[in-house]
Structure formats: C-alpha cells, structure tokens
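K.L.:
Please see the structure below; I have some questions.
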Amino acid sequence: MNFNISLKNVLGIGALITASFLTTSCEDFLDRPTEDKYNTENFYGSDKACIAGVNYLYNSPWYDFQRGFIKVGEVFSGNMYWGNSPYLNFSVNGTDQDLINMSYSLWAEIGHCSTVYESLKGASASQEVKNQCMGECLTWKAMAYFYLVRTFGDVPIIHDNSAMLASGKYNELSKVEKADVYEYIILTLEKAMELLPKSSDPGRIDYYCAEGLLSKVYLTKAGVSGSLNNEDLQKAADYAKDVIDNSGRKLMDNYEDIFRGSNNTCPESLIAWRWTVGAHWTCQNSLQSDLGIEGMCEVGNVWGGWTGPSTDLMEAFGVIKIDGTGKDSRLVEWQSPASRADIDTRRKATMMIAGDKYAYFWRDKGGFDYLKFIYDKSYNASATEQLEGPCGSNNVKHLYGDAADHQAEMGIADGRMASALATHLLRLSDVYLIHAEAMTLLGRGSEQSALDAFNAVHQRAIPTAVAVTSLNFDMIWKERRLEFAGEGDRWYDYVRRAYYDVNSCIAELKAQHRNKLWNCDHLYKAYYKSGTWNLTYTGGQVEYDYDTEVPNVTANSFTLPFPSEDVALNPNLATGSPSVHVDIRATYSY
C-alpha cells in the first residue's frame with residue numbers, strides 16, 4: 001500500500017467498512033455485530049449496532065502502528081536498546097518499513113473514524129447512543145492526528161472524505177502548519193466532548209477521556225511557536241484539573257497492576273487500544289512477540305529478548321552507574337540483587353534484572369524467575385542459557401506471560417502473536433503530571449494543586465518518599481520518564497520540549513548512555529550458579545560500550561520524513577516543501 005492507495009482508503013473507506021471491518025469486527029470489544037451483508041444505509045439500525053460499529057476503531061486500524069510505535073517512542077528517546085535499529089542511531093529515512101506502516105495505519109484510522117462518524121449521523125438509533133459513538137470516532141481521529149503531527153510535523157488535513165474524493169485532488173494535498181494542525185485537533189476534541197457522556201461503560205471513551213487528551217494537546221501546542229504560550233499552558237492545567245477533580249477516576253494503588261489483563265479497563269486507563277483474540281487478524285496485541293524473551297509463551301512466537309531497556313534507563317532507575325570518564329575507564333557500579341534498594345516500584349514493573357521474580361507470569365509453574373528462565377532447562381525447556389537483554393535487562397510492560405496467565409487474566413485463550421492485553425495510551429497519571437508541568441511552567445509549581453498532582457504519582461511509585469513542597473521542570477521531566485518508560489510516549493515528550501527548547505533536548509540525547517553493557521551474561525550466569533556478584537573476573541569485567549559513536553542529533557531530528565512512496569506520489573509532502581496556513585475555525589466545522 002502506498003500513500004495514494006492509502007489516501008484513497010481514507011477518502012473512500014465507507015465501502016471497505018461494510019465489506020470487511022464491520023462484518024468481521026473483532027470478537028468482543030465490546031460486542032460483535034452479526035455476520036451478514038450490510039451497507040451504510042442499513043447497518044446502523046439500533047443502539048447495539050452503532051456501538052458494535054465503532055468497536056473496531058479501538059484496535060484493527062491501529063495494528064501496524066502498534067508494531068512500530070515502541071521504536072519511535074522508546075528507542076529514539078534512549079529508553080530502549082534495539083540492535084542496529086535506525087531509531088537508535090538517528091538514521092531513519094523514508095524507506096523504513098516501520099515508519100511506512102505507522103503512517104499508513106494512522107491515515108487508515110482517520111479515514112475509518114471520519115466515515116463511521118458520517119454514517120452514524122443517519123443511524124436509526126437513540127440520539128444518546130449516536131452522540132456517544134460519534135464522540136468516540138472524533139476522539140480517535142484526534143488521537144491519530146496527534147500522533148501524526150508529533151511524528152511528521154506539518155501534515156495534510158482531511159476533514160471530509162467524500163468532498164476530497166470528489167475533488168480528485170488527493171495527490172495534491174499540501175502540508176498544513178503544525179500550529180494549525182493542533183488547532184484542528186482541538187476543534188475535533190471540543191466537538192467530541194459536546195457529544196460524549198460524562199461516564200460510559202468501562203473501557204469506552206467518555207467526556208473526561210477526551211478532556212484528558214485535550215489537556216495533553218494544549219501542553220504540547222503551548223511551545224509550537226518557539227516559545228511557551230501561557231494561555232495554552234493555563235488551558236492544559238485547567239482541563240487536567242477538571243479530569244482529576246470530577247471524572248471519578250483514580251490511580252491504581254499498585255503501579256504494576258495497571259498492566260495486567262484483569263485491569264484492562266481499570267479506572268486509571270483513559271484511552272487505550274482494546275485488543276482481542278479472534279479470527280480477524282489485526283484485532284490483537286502482538287507486542288509480547290516483539291518485546292518478550294524467547295520462550296515466554298512456550299509456543300515459539302516470542303523473539304524480542306534481544307532488545308530491552310537501555311543502559312541509560314537503568315541508570316535513571318538507579319540500578320547502575322556508569323563511570324562516565326570515557327573509553328579509558330569503562331567501570332560500572334552495580335549493586336548485587338541481595339543489597340540493591342529498589343525503592344521505586346516502577347523499576348520492576350518496567351524491566352527484569354537479576355534476582356527478579358514475578359507472581360503474575362507463569363503462575364501455573366509457581367511464578368516466573370528471571371534467572372532460572374534464562375539458565376535452567378529443567379524450569380524452562382526453551383532456556384537459551386544465555387542472557388538476551390543487551391544491557392542486562394528485559395522488558396516487562398506489554399507482556400502477559402504464558403497461556404495460563406492469559407486465560408486467568410482475560411478469560412480467553414491467547415493465540416499466535418495474539419493477546420487481549422490492552423495498550424494504554426493515556427493514563428490518569430499522565431493527566432496528573434500534565435497539570436503539575438503546566439503549573440510549573442507558569443511559575444506556579446509551589447501551588448497546592450500542582451504539588452498534590454505530582455506527589456500522588458511520585459509517592460505511589462515510591463511509598464517511602466516524602467511529599468515535595470516545590471516543583472521544578474527537571475523533577476517532572478524525570479518523573480514522566482520513569483512513570484511512562486516502555487509505553488511508547490517518551491520521544492513525544494522530547495518533540496514537545498524541542499518546540500521551545502531544542503538545544504537542551506539535543507544535549508540530553510547526546511549525553512545518554514544508549515549503547516550496550518558488555519559481559520552481563522558472565523555476571524548473571526556466575527551469580528546464578530554461585531551466588532557471587534562480581535563485576536570484574538578473570539579475563540574481563542562488566543563494561544559500557546564507549547566505542548559506538550554518539551548519534552548525530554540535530555534540530556531536524558525531531559521531525560521524521562514522510563514515506564518515500566508518499567513523496568513520489570505527492571511532492572508537496574517532501575521535506576522542505578512549503579506548508580500552508582489554514583484558518584481552522586473558519587474552514588472546518590462538525
């Protein structure tokens with residue numbers, strides 16, 4: 001699929017919807033329409049049909065974006081090490097397959113959302129349900145544009161599929177300036193909030209979910225001009241505070257519980273991809289295959305152990321300390337599992353390291369023991385007897401475990417590259433930190449609402465932490481990293497900050513320890529067999545790879561190129577081609 005074909009799908013997606021997605025909509029989020037032949041005139045004939053008709057917007061069109069968003073969000077940002085990935089060394093170009101798939105997936109979601117929205121207007125259903133479903137469509141459309149503008153910068157706007165298709169000018173679209181795209185996202189979310197109820201069934205988008213996203217959009221938009229806009233910051237703070245005070249939602253007591261399948265629709269999850277396991281490919285979560293350790297699910301469909309949390313993220317969590325004096329001194333400080341403090345509960349929920357055990361993985365075997373899994377074939381028949389994690393750790397988030405864990409948590413069987421584990425895109429803790437950051441950037445970081453928001457997140461993660469009495473930007477910046485590490489969001493924090501403070505972003509990325517830790521396998525194996533934790537041994541020591549060069553990060557690094565095929569079909573999308581200003585409020589309405 002190229003952008004031309006993809007764009008035609010965006011514009012003329014109505015026929016595709018009734019021919020494929022609606023008639024084979026993913027089993028059980030949250031219902032499944034009867035398998036029969038429909039068209040847009042007769043499908044939306046009841047409240048139940050309307051709800052079923054928007055369910056797939058929570059999963060299938062997002063599937064290809066799901067497979068790549070970790071590379072952008074985590075590898076680019078320095079949170080994850082992924083071999084020779086161009087996202088690790090900032091060499092991504094328009095032929096990168098992950099980038100291509102992500103672009104097409106986002107445009108497909110926009111096309112489906114727009115067409116379902118228009119179809120729902122004439123539905124034979126209650127106005128209440130029609131409004132709810134149309135609001136869900138618009139929220140997902142806004143989310144797709146939010147990812148597009150933060151990834152590619154200036155992007156085209158397609159408001160009305162039918163009108164654009166009729167014009168025949170879909171290969172002549174110009175990019176729209178970022179500030180205008182953000183205004184379009186805001187317009188879309190405002191309409192969604194008009195339509196959405198204040199509460200809905202668990203897992204479905206409601207008014208406060210859209211409002212939480214709106215607060216994040218305003219926080220991002222605040223710096224798009226090159227300097228911070230206080231009016232936008234105030235709106236970000238106010239919308240976030242309304243969600244905190246009035247949504248009725250709350251933070252989960254235990255951080256790691258957020259990511260278990262039994263809590264897919266927990267009160268902390270505002271917007272998430274709601275996956276299932278069914279006959280229709282793309283309605284499932286495949287991230288365990290891409291990120292988990294080989295053998296995790298026992299059926300040979302997991303291969304992600306050779307990537308994992310980065311050296312730099314391990315440092316941020318306080319697991320290790322790199323000497324920092326360069327190639328002549330590569331020493332690593334690393335406490336043994338028996339003595340390390342591990343005061344931040346998010347560490348274990350994010351990365352597996354020596355000594356870690358998990359009751360919620362491999363529960364049918366008495367729990368998951370990380371070192372036994374690697375080195376003991378009597379415990380794990382697939383044990384490679386070699387540490388896969390290139391920096392001494394492996395991923396935890398996005399994993400469900402084995403078949404018994406999936407059944408116990410979600411009540412259905414898993415499948416090959418298929419789970420029903422939700423992927424959380426916007427959590428309540430994000431809204432808390434949005435409020436704290438916006439207030440701090442406004443010079444009001446010592447006000448109680450900002451302190452309460454920050455402390456709620458920080459003290460959940462570190463129960464022994466003393467409540468802070470004043471905030472600065474660096475505190476929130478680090479808190480966001482540790483809170484959302486592994487969730488595909490960190491790079492977009494850099495993009496947001498780079499709008500108004502690009503030099504700080506460049507300096508921080510260049511200073512990261514993004515490379516491998518050498519000889520971790522020797523350390524772990526010796527510890528497993530003898531109980532001895534010795535960073536230096538005969539013939540070597542645990543060392544940081546200073547030989548691999550620091551990536552060439554520039555101001556241009558924070559905007560990715562459009563896929564080359566797109567540019568070939570529409571030169572207006574080329575890097576350096578002019579973008580147009582659009583008066584959003586005068587041009588578009590819902």
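FYI, nothing fancy with the structure tokens labels: chains A, B, ... in order, residues from 1 per chain, ligands from 1 as they appear.
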Considering only alpha helix (DSSP H) as DSSP defines it on the backbone, what residues of segment 255-348 of chain A qualify? List them as a ChimeraX atom specification.
P.N.:
/A:287-291,311-316,345-348
K.L.:
Which polymer residues have any atom within 8 Å of an atom of segment 307-322 of chain A, counting only C-alpha atoms, with same-chain residues fewer than 4 positions away left out, as a PyMOL selection string?
P.N.:
chain A and resi 78-83+291+330-335+340+342+344+347+351+388-391+393-395+482+486+512-517+544
K.L.:
Mind writing the picked residues with C-alpha atoms as a PDB file, in the first residue's frame?
P.N.:
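What landed in out18.pdb:
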ATOM      1  CA  GLY A  78      17.055   6.370  24.608  1.00  0.00           C
ATOM      2  CA  ASN A  79      14.792   4.269  26.821  1.00  0.00           C
ATOM      3  CA  MET A  80      15.343   1.068  24.856  1.00  0.00           C
ATOM      4  CA  TYR A  81      18.231  -0.614  23.068  1.00  0.00           C
ATOM      5  CA  TRP A  82      17.323  -2.249  19.757  1.00  0.00           C
ATOM      6  CA  GLY A  83      20.412  -3.553  17.956  1.00  0.00           C
ATOM      7  CA  LEU A 291       9.336  -7.350  23.119  1.00  0.00           C
ATOM      8  CA  ARG A 330      34.590   1.741  31.478  1.00  0.00           C
ATOM      9  CA  LEU A 331      33.756   0.633  35.017  1.00  0.00           C
ATOM     10  CA  VAL A 332      30.152   0.110  36.036  1.00  0.00           C
ATOM     11  CA  GLU A 333      28.799   0.414  39.567  1.00  0.00           C
ATOM     12  CA  TRP A 334      26.076  -2.170  40.093  1.00  0.00           C
ATOM     13  CA  GLN A 335      24.811  -3.467  43.413  1.00  0.00           C
ATOM     14  CA  ARG A 340      20.088  -3.151  45.994  1.00  0.00           C
ATOM     15  CA  ASP A 342      14.853  -0.924  44.587  1.00  0.00           C
ATOM     16  CA  ASP A 344      10.880   2.723  43.002  1.00  0.00           C
ATOM     17  CA  ARG A 347      11.545  -0.350  38.047  1.00  0.00           C
ATOM     18  CA  MET A 351      12.471  -4.060  33.418  1.00  0.00           C
ATOM     19  CA  GLU A 388      19.444 -11.973  25.753  1.00  0.00           C
ATOM     20  CA  GLY A 389      18.994  -8.489  27.198  1.00  0.00           C
ATOM     21  CA  PRO A 390      21.781  -6.414  25.623  1.00  0.00           C
ATOM     22  CA  CYS A 391      22.063  -4.099  28.628  1.00  0.00           C
ATOM     23  CA  SER A 393      17.604  -6.314  31.404  1.00  0.00           C
ATOM     24  CA  ASN A 394      14.466  -7.322  29.521  1.00  0.00           C
ATOM     25  CA  ASN A 395      11.054  -5.747  29.052  1.00  0.00           C
ATOM     26  CA  LEU A 482      10.120   6.745  34.939  1.00  0.00           C
ATOM     27  CA  GLY A 486       8.262   1.434  27.869  1.00  0.00           C
ATOM     28  CA  GLN A 512      22.784   9.428  27.154  1.00  0.00           C
ATOM     29  CA  HIS A 513      24.352   6.019  27.627  1.00  0.00           C
ATOM     30  CA  ARG A 514      22.448   4.486  24.708  1.00  0.00           C
ATOM     31  CA  ASN A 515      24.860   1.600  23.978  1.00  0.00           C
ATOM     32  CA  LYS A 516      25.292  -1.945  25.272  1.00  0.00           C
ATOM     33  CA  LEU A 517      26.677  -3.174  28.539  1.00  0.00           C
ATOM     34  CA  TYR A 544      29.855   0.132  28.979  1.00  0.00           C
TER      35      TYR A 544
END
K.L.:
Could you pull out the strand (DSSP E or B) residues of segment 117-357 of chain A from DSSP and send them as an MDAnalysis selection string?
P.N.:
chainID A and resid 155 176 269:273 285 308:309 320:322 331:334 351:352 357
K.L.:
Would you save the residues from that selection as a short mmCIF file (atom, residue, chain, number, x, y, z; two decimals), in the first residue's frame, using all heavy atoms?
P.N.:
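Once everything was written out, this is again.cif:
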data_model
loop_
_atom_site.label_atom_id
_atom_site.label_comp_id
_atom_site.auth_asym_id
_atom_site.auth_seq_id
_atom_site.Cartn_x
_atom_site.Cartn_y
_atom_site.Cartn_z
N VAL A 155 1.44 18.31 8.47
CA VAL A 155 0.78 17.21 7.76
C VAL A 155 -0.50 17.73 7.10
O VAL A 155 -1.06 18.74 7.53
CB VAL A 155 0.43 16.04 8.72
CG1 VAL A 155 1.68 15.41 9.30
CG2 VAL A 155 -0.52 16.49 9.83
N VAL A 176 -0.08 21.14 6.18
CA VAL A 176 -0.63 22.27 6.95
C VAL A 176 0.30 22.53 8.13
O VAL A 176 0.84 21.60 8.74
CB VAL A 176 -2.06 21.95 7.44
CG1 VAL A 176 -2.60 23.05 8.34
CG2 VAL A 176 -2.98 21.72 6.24
N SER A 269 -7.03 3.93 33.32
CA SER A 269 -6.88 3.90 31.86
C SER A 269 -7.94 4.78 31.21
O SER A 269 -9.13 4.49 31.25
CB SER A 269 -7.02 2.46 31.36
OG SER A 269 -6.88 2.41 29.96
N LEU A 270 -7.50 5.87 30.60
CA LEU A 270 -8.42 6.79 29.94
C LEU A 270 -8.64 6.43 28.47
O LEU A 270 -9.77 6.35 28.00
CB LEU A 270 -7.91 8.23 30.07
CG LEU A 270 -7.79 8.78 31.49
CD1 LEU A 270 -7.24 10.21 31.46
CD2 LEU A 270 -9.13 8.75 32.21
N ILE A 271 -7.55 6.26 27.75
CA ILE A 271 -7.64 5.87 26.34
C ILE A 271 -6.65 4.74 26.10
O ILE A 271 -5.48 4.84 26.49
CB ILE A 271 -7.33 7.04 25.39
CG1 ILE A 271 -8.31 8.20 25.62
CG2 ILE A 271 -7.39 6.60 23.93
CD1 ILE A 271 -8.04 9.43 24.77
N ALA A 272 -7.12 3.67 25.49
CA ALA A 272 -6.26 2.51 25.25
C ALA A 272 -6.71 1.79 23.99
O ALA A 272 -7.86 1.88 23.59
CB ALA A 272 -6.31 1.55 26.45
N TRP A 273 -5.75 1.11 23.39
CA TRP A 273 -6.13 0.15 22.34
C TRP A 273 -6.70 -1.06 23.05
O TRP A 273 -6.06 -1.63 23.94
CB TRP A 273 -4.91 -0.23 21.52
CG TRP A 273 -4.37 0.89 20.69
CD1 TRP A 273 -5.07 1.88 20.07
CD2 TRP A 273 -2.98 1.14 20.37
NE1 TRP A 273 -4.23 2.74 19.40
CE2 TRP A 273 -2.95 2.30 19.56
CE3 TRP A 273 -1.78 0.51 20.69
CZ2 TRP A 273 -1.75 2.83 19.06
CZ3 TRP A 273 -0.60 1.03 20.20
CH2 TRP A 273 -0.59 2.17 19.39
N ASN A 285 -3.25 -7.80 20.11
CA ASN A 285 -2.00 -7.23 20.58
C ASN A 285 -0.88 -8.22 20.27
O ASN A 285 -0.93 -9.37 20.68
CB ASN A 285 -2.10 -6.98 22.09
CG ASN A 285 -0.87 -6.29 22.67
OD1 ASN A 285 0.20 -6.30 22.10
ND2 ASN A 285 -1.05 -5.72 23.86
N GLY A 308 15.75 -4.52 24.67
CA GLY A 308 15.40 -4.37 26.08
C GLY A 308 15.68 -2.97 26.58
O GLY A 308 16.21 -2.12 25.84
N PRO A 309 15.32 -2.68 27.82
CA PRO A 309 15.57 -1.36 28.41
C PRO A 309 17.05 -0.99 28.28
O PRO A 309 17.94 -1.83 28.39
CB PRO A 309 15.15 -1.55 29.86
CG PRO A 309 14.10 -2.62 29.80
CD PRO A 309 14.56 -3.56 28.74
N ILE A 320 22.19 1.00 38.00
CA ILE A 320 23.62 1.02 37.75
C ILE A 320 24.11 2.47 37.71
O ILE A 320 23.31 3.41 37.66
CB ILE A 320 23.98 0.33 36.41
CG1 ILE A 320 23.33 1.08 35.24
CG2 ILE A 320 23.59 -1.13 36.41
CD1 ILE A 320 23.77 0.58 33.88
N LYS A 321 25.42 2.60 37.68
CA LYS A 321 26.03 3.91 37.48
C LYS A 321 27.26 3.71 36.60
O LYS A 321 28.15 2.93 36.93
CB LYS A 321 26.43 4.55 38.81
CG LYS A 321 27.01 5.96 38.66
CD LYS A 321 27.35 6.56 40.01
CE LYS A 321 27.94 7.96 39.84
NZ LYS A 321 28.29 8.57 41.15
N ILE A 322 27.28 4.44 35.47
CA ILE A 322 28.42 4.36 34.57
C ILE A 322 29.50 5.32 35.04
O ILE A 322 29.20 6.44 35.48
CB ILE A 322 27.99 4.71 33.12
CG1 ILE A 322 26.81 3.85 32.69
CG2 ILE A 322 29.16 4.54 32.15
CD1 ILE A 322 27.06 2.37 32.70
N LEU A 331 34.30 1.33 33.86
CA LEU A 331 33.76 0.63 35.02
C LEU A 331 32.28 0.96 35.25
O LEU A 331 31.83 2.08 35.01
CB LEU A 331 34.56 0.97 36.26
CG LEU A 331 36.02 0.50 36.27
CD1 LEU A 331 36.70 0.93 37.56
CD2 LEU A 331 36.12 -1.01 36.10
N VAL A 332 31.57 -0.01 35.73
CA VAL A 332 30.15 0.11 36.04
C VAL A 332 29.94 -0.18 37.51
O VAL A 332 30.45 -1.18 38.03
CB VAL A 332 29.33 -0.89 35.18
CG1 VAL A 332 27.87 -0.84 35.58
CG2 VAL A 332 29.50 -0.59 33.69
N GLU A 333 29.21 0.69 38.18
CA GLU A 333 28.80 0.41 39.57
C GLU A 333 27.42 -0.25 39.52
O GLU A 333 26.50 0.27 38.91
CB GLU A 333 28.74 1.71 40.38
CG GLU A 333 30.08 2.39 40.57
CD GLU A 333 29.95 3.66 41.39
OE1 GLU A 333 28.96 3.77 42.15
OE2 GLU A 333 30.82 4.54 41.25
N TRP A 334 27.31 -1.39 40.20
CA TRP A 334 26.08 -2.17 40.09
C TRP A 334 25.95 -3.02 41.34
O TRP A 334 26.71 -3.96 41.55
CB TRP A 334 26.13 -3.04 38.85
CG TRP A 334 24.84 -3.69 38.42
CD1 TRP A 334 23.72 -3.85 39.16
CD2 TRP A 334 24.57 -4.26 37.14
NE1 TRP A 334 22.75 -4.50 38.44
CE2 TRP A 334 23.25 -4.76 37.18
CE3 TRP A 334 25.32 -4.41 35.99
CZ2 TRP A 334 22.67 -5.41 36.09
CZ3 TRP A 334 24.74 -5.05 34.90
CH2 TRP A 334 23.43 -5.54 34.93
N MET A 351 11.33 -3.28 33.90
CA MET A 351 12.47 -4.06 33.42
C MET A 351 12.79 -5.22 34.36
O MET A 351 12.71 -5.09 35.58
CB MET A 351 13.71 -3.17 33.28
CG MET A 351 14.16 -2.53 34.58
SD MET A 351 15.67 -1.53 34.42
CE MET A 351 15.05 -0.16 33.45
N MET A 352 13.12 -6.35 33.77
CA MET A 352 13.58 -7.51 34.54
C MET A 352 15.09 -7.46 34.64
O MET A 352 15.79 -7.28 33.64
CB MET A 352 13.23 -8.81 33.81
CG MET A 352 11.78 -9.06 33.55
SD MET A 352 11.59 -10.61 32.63
CE MET A 352 9.81 -10.57 32.32
N LYS A 357 11.60 -11.81 40.40
CA LYS A 357 10.61 -12.88 40.26
C LYS A 357 9.23 -12.22 40.15
O LYS A 357 8.99 -11.17 40.75
CB LYS A 357 10.65 -13.81 41.47
CG LYS A 357 12.00 -14.51 41.65
CD LYS A 357 12.04 -15.36 42.91
CE LYS A 357 13.42 -15.99 43.09
NZ LYS A 357 13.50 -16.82 44.33
#
K.L.:
Can you pull out every residue within 8 Å of Lys71 of chain A, counting only C-alpha atoms, but drop anything in the same chain fewer than 5 positions away, and send it as a list of chain:residue names?
P.N.:
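After dropping sequence-adjacent residues, the list is A:Phe76, A:Tyr87, A:Gly488.
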K.L.:
May I have the residues within 6 Å of segment 519-526 of chain A as a list of chain:residue names, using only C-alpha atoms and disregarding those fewer than 5 positions away in the same chain?
P.N.:
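Returned residues: A:Leu387, A:Gly392, A:Val542.
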K.L.:
Next, write the just-selected residues to a file, as a compact mmCIF listing (two decimals), in the first residue's frame, keeping all heavy atoms as the atom set.
P.N.:
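Output file again35.txt is given in full below:
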# COMPACT_ATOMS: atom_id res chain seq x y z
N LEU A 387 22.03 -14.83 28.48
CA LEU A 387 21.25 -13.61 28.67
C LEU A 387 21.02 -12.93 27.32
O LEU A 387 21.97 -12.67 26.58
CB LEU A 387 22.00 -12.67 29.61
CG LEU A 387 21.40 -11.27 29.79
CD1 LEU A 387 20.07 -11.34 30.53
CD2 LEU A 387 22.38 -10.36 30.53
N GLY A 392 21.58 -6.00 30.05
CA GLY A 392 21.39 -6.66 31.33
C GLY A 392 19.96 -6.66 31.83
O GLY A 392 19.72 -6.98 33.00
N VAL A 542 32.38 -6.20 33.58
CA VAL A 542 31.20 -5.55 33.00
C VAL A 542 31.59 -4.14 32.62
O VAL A 542 32.09 -3.37 33.45
CB VAL A 542 30.04 -5.55 34.01
CG1 VAL A 542 28.85 -4.78 33.43
CG2 VAL A 542 29.62 -6.97 34.35
K.L.:
Find the residue from A:Cys133, A:Val466, A:Ala354, A:Cys505 that sits nearest to Ala52 of chain A; use only C-alpha atoms when measuring.
P.N.:
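So, comparing all the options, the nearest one is A:Cys133.
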K.L.:
Mind checking which residues fall within 7 Å of segment 224-241 of chain A, counting only C-alpha atoms, ignoring those fewer than 5 positions away in the same chain, and posting them as JSON, numbers by chain?
P.N.:
{"A": [179, 211, 212, 215, 216, 218, 219, 431, 432, 434, 435, 438, 439, 442, 499, 500]}
K.L.:
When distances are computed from only C-alpha atoms, which of A:Thr384, A:Gln448, A:Asn264, A:Gln127 shows the smallest separation from Trp306 of chain A?
P.N.:
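When distances to Trp306 of chain A are compared using only C-alpha atoms, the smallest one comes from A:Thr384.
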K.L.:
Please report the interatomic distance between atom CA of Phe90 of chain A and atom CA of Val550 of chain A in Å with one decimal.
P.N.:
10.0 Å
K.L.:
Distance atom CA of Gly111 of chain A-atom CA of Arg150 of chain A, one decimal place?
P.N.:
18.8 Å
K.L.:
Go through A:Gly223, A:Pro563, A:Gly53, A:Pro86 and flag the residue nearest Val495 of chain A, using only C-alpha atoms for the distances.
P.N.:
A:Gly223
K.L.:
Interatomic distance between atom CA of Ile185 of chain A and atom CA of Ala142 of chain A?
P.N.:
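The value is 5.1 Å.
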K.L.:
Please provide the set of residues having any atom within 12 Å of Arg460 of chain A, restricted to only C-alpha atoms, with same-chain residues fewer than 2 positions apart removed, written as a list of chain:residue names.
P.N.:
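The filter keeps A:Lys250, A:Leu251, A:Met252, A:Asp253, A:Asn254, A:Tyr255, A:Glu256, A:Ile343, A:Asp344, A:Thr345, A:Arg346, A:Ser429, A:Asp452, A:Ala453, A:Phe454, A:Asn455, A:Ala456, A:Val457, A:His458, A:Ile462, A:Pro463, A:Thr464, A:Ala465, A:Val466, A:Ala467, A:Glu479, A:Glu483.
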K.L.:
Rank A:Ile353, A:Val181, A:Leu573, A:Val502 by their smallest atom-to-atom distance to Lys221 of chain A, using only C-alpha atoms, and report the top residue only.
P.N.:
A:Val181
K.L.:
I want to know what sits within 12 Å of Gly415 of chain A, based on only C-alpha atoms, with residues of the same chain fewer than 2 positions away left out; could you give that as a PyMOL selection string?
P.N.:
chain A and resi 276-281+283-286+288-289+297-302+400+402-404+406-407+412-413+417-421
